[in-house]
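As structure tokens, the structure follows; a few thoughts come after it.
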Amino acid sequence: MKLIIRLLLNALAVVVLAKILNGVTVDTYLTAIIVAVVLSVLNLFVKPFLIILTLPITIITLGLFLLVINALIILLADKLIDGFSVSSIWTAVLFSILLSLLQSLLHSFLKEDRKRT
């Protein structure tokens, strides 16, 4: 149940950011849910592999290259999903940063509700 709520919150974040950012489009709410699932799977399987491959440049840039890796994951999701599009790498970087912030905010509300009970 917790996983489904987290995926729906991630889909909500994707929809909100698609409304705010000009270069990001999501066709339907179902597409946003699919984007949330695909991003989760890519972050689980592909991102660790990319981090290991780019470890030297990540160390040299003091971790800032991880923003590029996040943007590449989002662009990969753009290629895999038909109703989701991101216009450029810079839009993907901005989308990645804002998505992380919005997900943290939404998930913090979820954690607060659990602590009260």
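Letters for chains follow the order of the structure tokens (A, B, ...), residue numbers begin at 1 for each chain, and ligand numbers begin at 1 in the order shown.
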
Tell me, as an mmCIF file with C-alpha atoms, in the first residue's frame, which residues lie within 10 Å of Leu102 of chain A, counting only C-alpha atoms; anything in the same chain fewer than 3 positions away does not count.
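Writing the result to around_4.cif gives the following:
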```cif
data_model
loop_
_atom_site.group_PDB
_atom_site.id
_atom_site.type_symbol
_atom_site.label_atom_id
_atom_site.label_comp_id
_atom_site.auth_asym_id
_atom_site.auth_seq_id
_atom_site.Cartn_x
_atom_site.Cartn_y
_atom_site.Cartn_z
ATOM 1 C CA LEU A 9 2.622 11.040 -5.114
ATOM 2 C CA ASN A 10 5.435 10.816 -7.663
ATOM 3 C CA LEU A 12 1.292 13.961 -8.887
ATOM 4 C CA ALA A 13 4.716 15.624 -8.801
ATOM 5 C CA VAL A 14 5.239 14.816 -12.490
ATOM 6 C CA VAL A 16 2.477 19.480 -11.371
ATOM 7 C CA LEU A 17 5.902 20.011 -12.916
ATOM 8 C CA SER A 96 15.123 16.543 -12.127
ATOM 9 C CA ILE A 97 15.972 19.112 -9.462
ATOM 10 C CA LEU A 98 12.374 20.271 -9.046
ATOM 11 C CA LEU A 99 11.067 16.693 -9.077
ATOM 12 C CA LEU A 105 8.089 17.656 0.200
ATOM 13 C CA LEU A 106 5.244 15.276 -0.628
ATOM 14 C CA HIS A 107 6.897 12.299 1.040
ATOM 15 C CA SER A 108 7.570 14.353 4.168
#
```

(message) Could you list, as a ChimeraX atom specification, every residue within 9 Å of Leu7 of chain A, counting only C-alpha atoms and ignoring same-chain residues fewer than 6 positions away?
(response) /A:33,36-37,40

Print the selection's residues with N, CA and C atoms to a file, as a PDB file, in the first residue's frame.
```pdb
ATOM      1  N   ILE A  33       1.460   8.346 -14.208  1.00  0.00           N
ATOM      2  CA  ILE A  33       1.693   7.174 -13.356  1.00  0.00           C
ATOM      3  C   ILE A  33       2.735   6.264 -13.990  1.00  0.00           C
ATOM      4  N   ALA A  36       6.100   7.776 -13.484  1.00  0.00           N
ATOM      5  CA  ALA A  36       6.578   7.540 -12.115  1.00  0.00           C
ATOM      6  C   ALA A  36       7.120   6.128 -11.956  1.00  0.00           C
ATOM      7  N   VAL A  37       6.436   5.156 -12.531  1.00  0.00           N
ATOM      8  CA  VAL A  37       6.887   3.765 -12.436  1.00  0.00           C
ATOM      9  C   VAL A  37       8.197   3.572 -13.203  1.00  0.00           C
ATOM     10  N   SER A  40      11.110   5.159 -11.464  1.00  0.00           N
ATOM     11  CA  SER A  40      11.504   4.347 -10.304  1.00  0.00           C
ATOM     12  C   SER A  40      12.322   3.138 -10.729  1.00  0.00           C
TER      13      SER A  40
END
```

Between segment 44-106 of chain A and segment 18-26 of chain A, at 6 Å or less, what are the per-residue closest atom pairs and their distances in Å? Count only C-alpha atoms, order by chain and rising residue number, and return it as a Markdown table.
```
| residue | atom | partner | partner_atom | distance |
| --- | --- | --- | --- | --- |
| A:Gly83 | CA | A:Val26 | CA | 5.7 |
| A:Phe84 | CA | A:Val26 | CA | 4.7 |
| A:Ser85 | CA | A:Thr25 | CA | 5.4 |
| A:Val86 | CA | A:Val24 | CA | 4.6 |
| A:Ser87 | CA | A:Gly23 | CA | 4.9 |
```

(message) Considering only helix (DSSP H, G or I) as DSSP defines it on the backbone, what residues of chain A qualify? List them as a ChimeraX atom specification.
(response) /A:2-20,29-53,55-60,65-80,89-116

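Minimum distance to Asp78 of chain A across A:Ala92, A:Leu66, A:Ser104, A:Leu55 (counting only C-alpha atoms) occurs at A:Ala92.
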
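The list of residues with at least one atom within 12 Å of Asn70 of chain A, based on only C-alpha atoms and without residues fewer than 5 positions apart in the same chain, reads Leu39, Ser40, Leu42, Asn43, Val46, Lys47, Pro48, Leu50, Ile51, Gly63, Leu64, Phe65, Leu75, Leu76, Ala77, Ile89, Trp90, Thr91, Ala92, Val93, Leu94, Phe95, Ser96, Ile97, Leu98, Leu99 and Ser100 of chain A.
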
Would you write out those residues with N, CA and C atoms, as an mmCIF file, in the first residue's frame?
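The resulting result11.cif:
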```cif
data_model
loop_
_atom_site.group_PDB
_atom_site.id
_atom_site.type_symbol
_atom_site.label_atom_id
_atom_site.label_comp_id
_atom_site.auth_asym_id
_atom_site.auth_seq_id
_atom_site.Cartn_x
_atom_site.Cartn_y
_atom_site.Cartn_z
ATOM 1 N N LEU A 39 10.455 5.840 -14.077
ATOM 2 C CA LEU A 39 11.552 6.530 -13.406
ATOM 3 C C LEU A 39 12.037 5.755 -12.188
ATOM 4 N N SER A 40 11.110 5.159 -11.464
ATOM 5 C CA SER A 40 11.504 4.347 -10.304
ATOM 6 C C SER A 40 12.322 3.138 -10.729
ATOM 7 N N LEU A 42 14.048 2.778 -13.577
ATOM 8 C CA LEU A 42 15.334 3.227 -14.110
ATOM 9 C C LEU A 42 16.278 3.648 -12.991
ATOM 10 N N ASN A 43 15.745 4.312 -11.972
ATOM 11 C CA ASN A 43 16.578 4.706 -10.836
ATOM 12 C C ASN A 43 17.060 3.496 -10.051
ATOM 13 N N VAL A 46 19.243 1.197 -13.617
ATOM 14 C CA VAL A 46 20.190 1.838 -14.534
ATOM 15 C C VAL A 46 21.092 2.846 -13.813
ATOM 16 N N LYS A 47 20.527 3.617 -12.907
ATOM 17 C CA LYS A 47 21.288 4.682 -12.253
ATOM 18 C C LYS A 47 22.517 4.173 -11.488
ATOM 19 N N PRO A 48 22.426 3.094 -10.710
ATOM 20 C CA PRO A 48 23.654 2.621 -10.035
ATOM 21 C C PRO A 48 24.766 2.233 -11.016
ATOM 22 N N LEU A 50 25.247 3.577 -14.004
ATOM 23 C CA LEU A 50 25.807 4.830 -14.520
ATOM 24 C C LEU A 50 26.696 5.512 -13.488
ATOM 25 N N ILE A 51 26.312 5.446 -12.230
ATOM 26 C CA ILE A 51 27.123 6.066 -11.177
ATOM 27 C C ILE A 51 28.482 5.385 -11.067
ATOM 28 N N GLY A 63 30.333 15.619 -7.071
ATOM 29 C CA GLY A 63 28.969 15.105 -7.085
ATOM 30 C C GLY A 63 28.015 15.839 -8.000
ATOM 31 N N LEU A 64 28.441 16.930 -8.599
ATOM 32 C CA LEU A 64 27.534 17.678 -9.476
ATOM 33 C C LEU A 64 27.190 16.912 -10.748
ATOM 34 N N PHE A 65 28.024 15.971 -11.134
ATOM 35 C CA PHE A 65 27.725 15.176 -12.328
ATOM 36 C C PHE A 65 26.509 14.287 -12.113
ATOM 37 N N LEU A 75 15.679 11.749 -19.654
ATOM 38 C CA LEU A 75 15.632 11.700 -21.116
ATOM 39 C C LEU A 75 15.426 10.277 -21.626
ATOM 40 N N LEU A 76 15.960 9.294 -20.914
ATOM 41 C CA LEU A 76 15.717 7.904 -21.277
ATOM 42 C C LEU A 76 14.244 7.545 -21.087
ATOM 43 N N ALA A 77 13.651 8.032 -20.004
ATOM 44 C CA ALA A 77 12.217 7.818 -19.791
ATOM 45 C C ALA A 77 11.411 8.506 -20.882
ATOM 46 N N ILE A 89 18.162 18.846 -22.625
ATOM 47 C CA ILE A 89 18.901 18.349 -21.462
ATOM 48 C C ILE A 89 18.790 19.326 -20.296
ATOM 49 N N TRP A 90 18.772 20.623 -20.595
ATOM 50 C CA TRP A 90 18.676 21.618 -19.515
ATOM 51 C C TRP A 90 17.304 21.589 -18.864
ATOM 52 N N THR A 91 16.284 21.351 -19.660
ATOM 53 C CA THR A 91 14.946 21.184 -19.096
ATOM 54 C C THR A 91 14.893 19.922 -18.239
ATOM 55 N N ALA A 92 15.581 18.887 -18.680
ATOM 56 C CA ALA A 92 15.631 17.643 -17.903
ATOM 57 C C ALA A 92 16.369 17.845 -16.587
ATOM 58 N N VAL A 93 17.444 18.646 -16.591
ATOM 59 C CA VAL A 93 18.161 18.941 -15.342
ATOM 60 C C VAL A 93 17.258 19.708 -14.390
ATOM 61 N N LEU A 94 16.580 20.739 -14.899
ATOM 62 C CA LEU A 94 15.669 21.519 -14.064
ATOM 63 C C LEU A 94 14.507 20.657 -13.568
ATOM 64 N N PHE A 95 13.959 19.834 -14.446
ATOM 65 C CA PHE A 95 12.880 18.926 -14.065
ATOM 66 C C PHE A 95 13.351 17.959 -12.978
ATOM 67 N N SER A 96 14.565 17.463 -13.113
ATOM 68 C CA SER A 96 15.123 16.543 -12.127
ATOM 69 C C SER A 96 15.261 17.192 -10.758
ATOM 70 N N ILE A 97 15.793 18.402 -10.734
ATOM 71 C CA ILE A 97 15.972 19.112 -9.462
ATOM 72 C C ILE A 97 14.622 19.400 -8.814
ATOM 73 N N LEU A 98 13.692 19.938 -9.595
ATOM 74 C CA LEU A 98 12.374 20.271 -9.046
ATOM 75 C C LEU A 98 11.594 19.028 -8.649
ATOM 76 N N LEU A 99 11.744 17.938 -9.413
ATOM 77 C CA LEU A 99 11.067 16.693 -9.077
ATOM 78 C C LEU A 99 11.587 16.140 -7.745
ATOM 79 N N SER A 100 12.883 16.203 -7.539
ATOM 80 C CA SER A 100 13.452 15.737 -6.273
ATOM 81 C C SER A 100 12.943 16.562 -5.100
#
```

(message) I need the residues in segment 10-114 of chain A that are strand (DSSP E or B) according to DSSP; give them as a ChimeraX atom specification.
(response) /A:24-26,84-86

Could those selected residues go to a file with C-alpha atoms, as a short mmCIF file (atom, residue, chain, number, x, y, z; two decimals), in the first residue's frame?
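Dumped everything to selection39.cif:
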```cif
data_model
loop_
_atom_site.label_atom_id
_atom_site.label_comp_id
_atom_site.auth_asym_id
_atom_site.auth_seq_id
_atom_site.Cartn_x
_atom_site.Cartn_y
_atom_site.Cartn_z
CA VAL A 24 7.84 19.11 -20.20
CA THR A 25 4.56 17.60 -21.37
CA VAL A 26 2.50 14.73 -20.02
CA PHE A 84 5.87 12.08 -22.00
CA SER A 85 8.34 14.50 -23.55
CA VAL A 86 11.17 16.70 -22.36
#
```

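Taking atom CA of Lys2 of chain A and atom CA of Leu110 of chain A as endpoints, the distance between them is 9.4 Å.
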
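Atom pair atom CA of Ile57 of chain A / atom CA of Ile74 of chain A has a distance of 19.9 Å (rounded to one decimal).
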
(request) Please indicate the distance in Å from atom CA of Ile81 of chain A to atom CA of Phe109 of chain A, rounded to one decimal place. (result) 28.9 Å

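Minimum atom-to-atom distances from A:Leu8, A:Leu53, A:Leu72, A:Ala32 to Ser88 of chain A were compared using only C-alpha atoms, and the lowest value belongs to A:Leu72.
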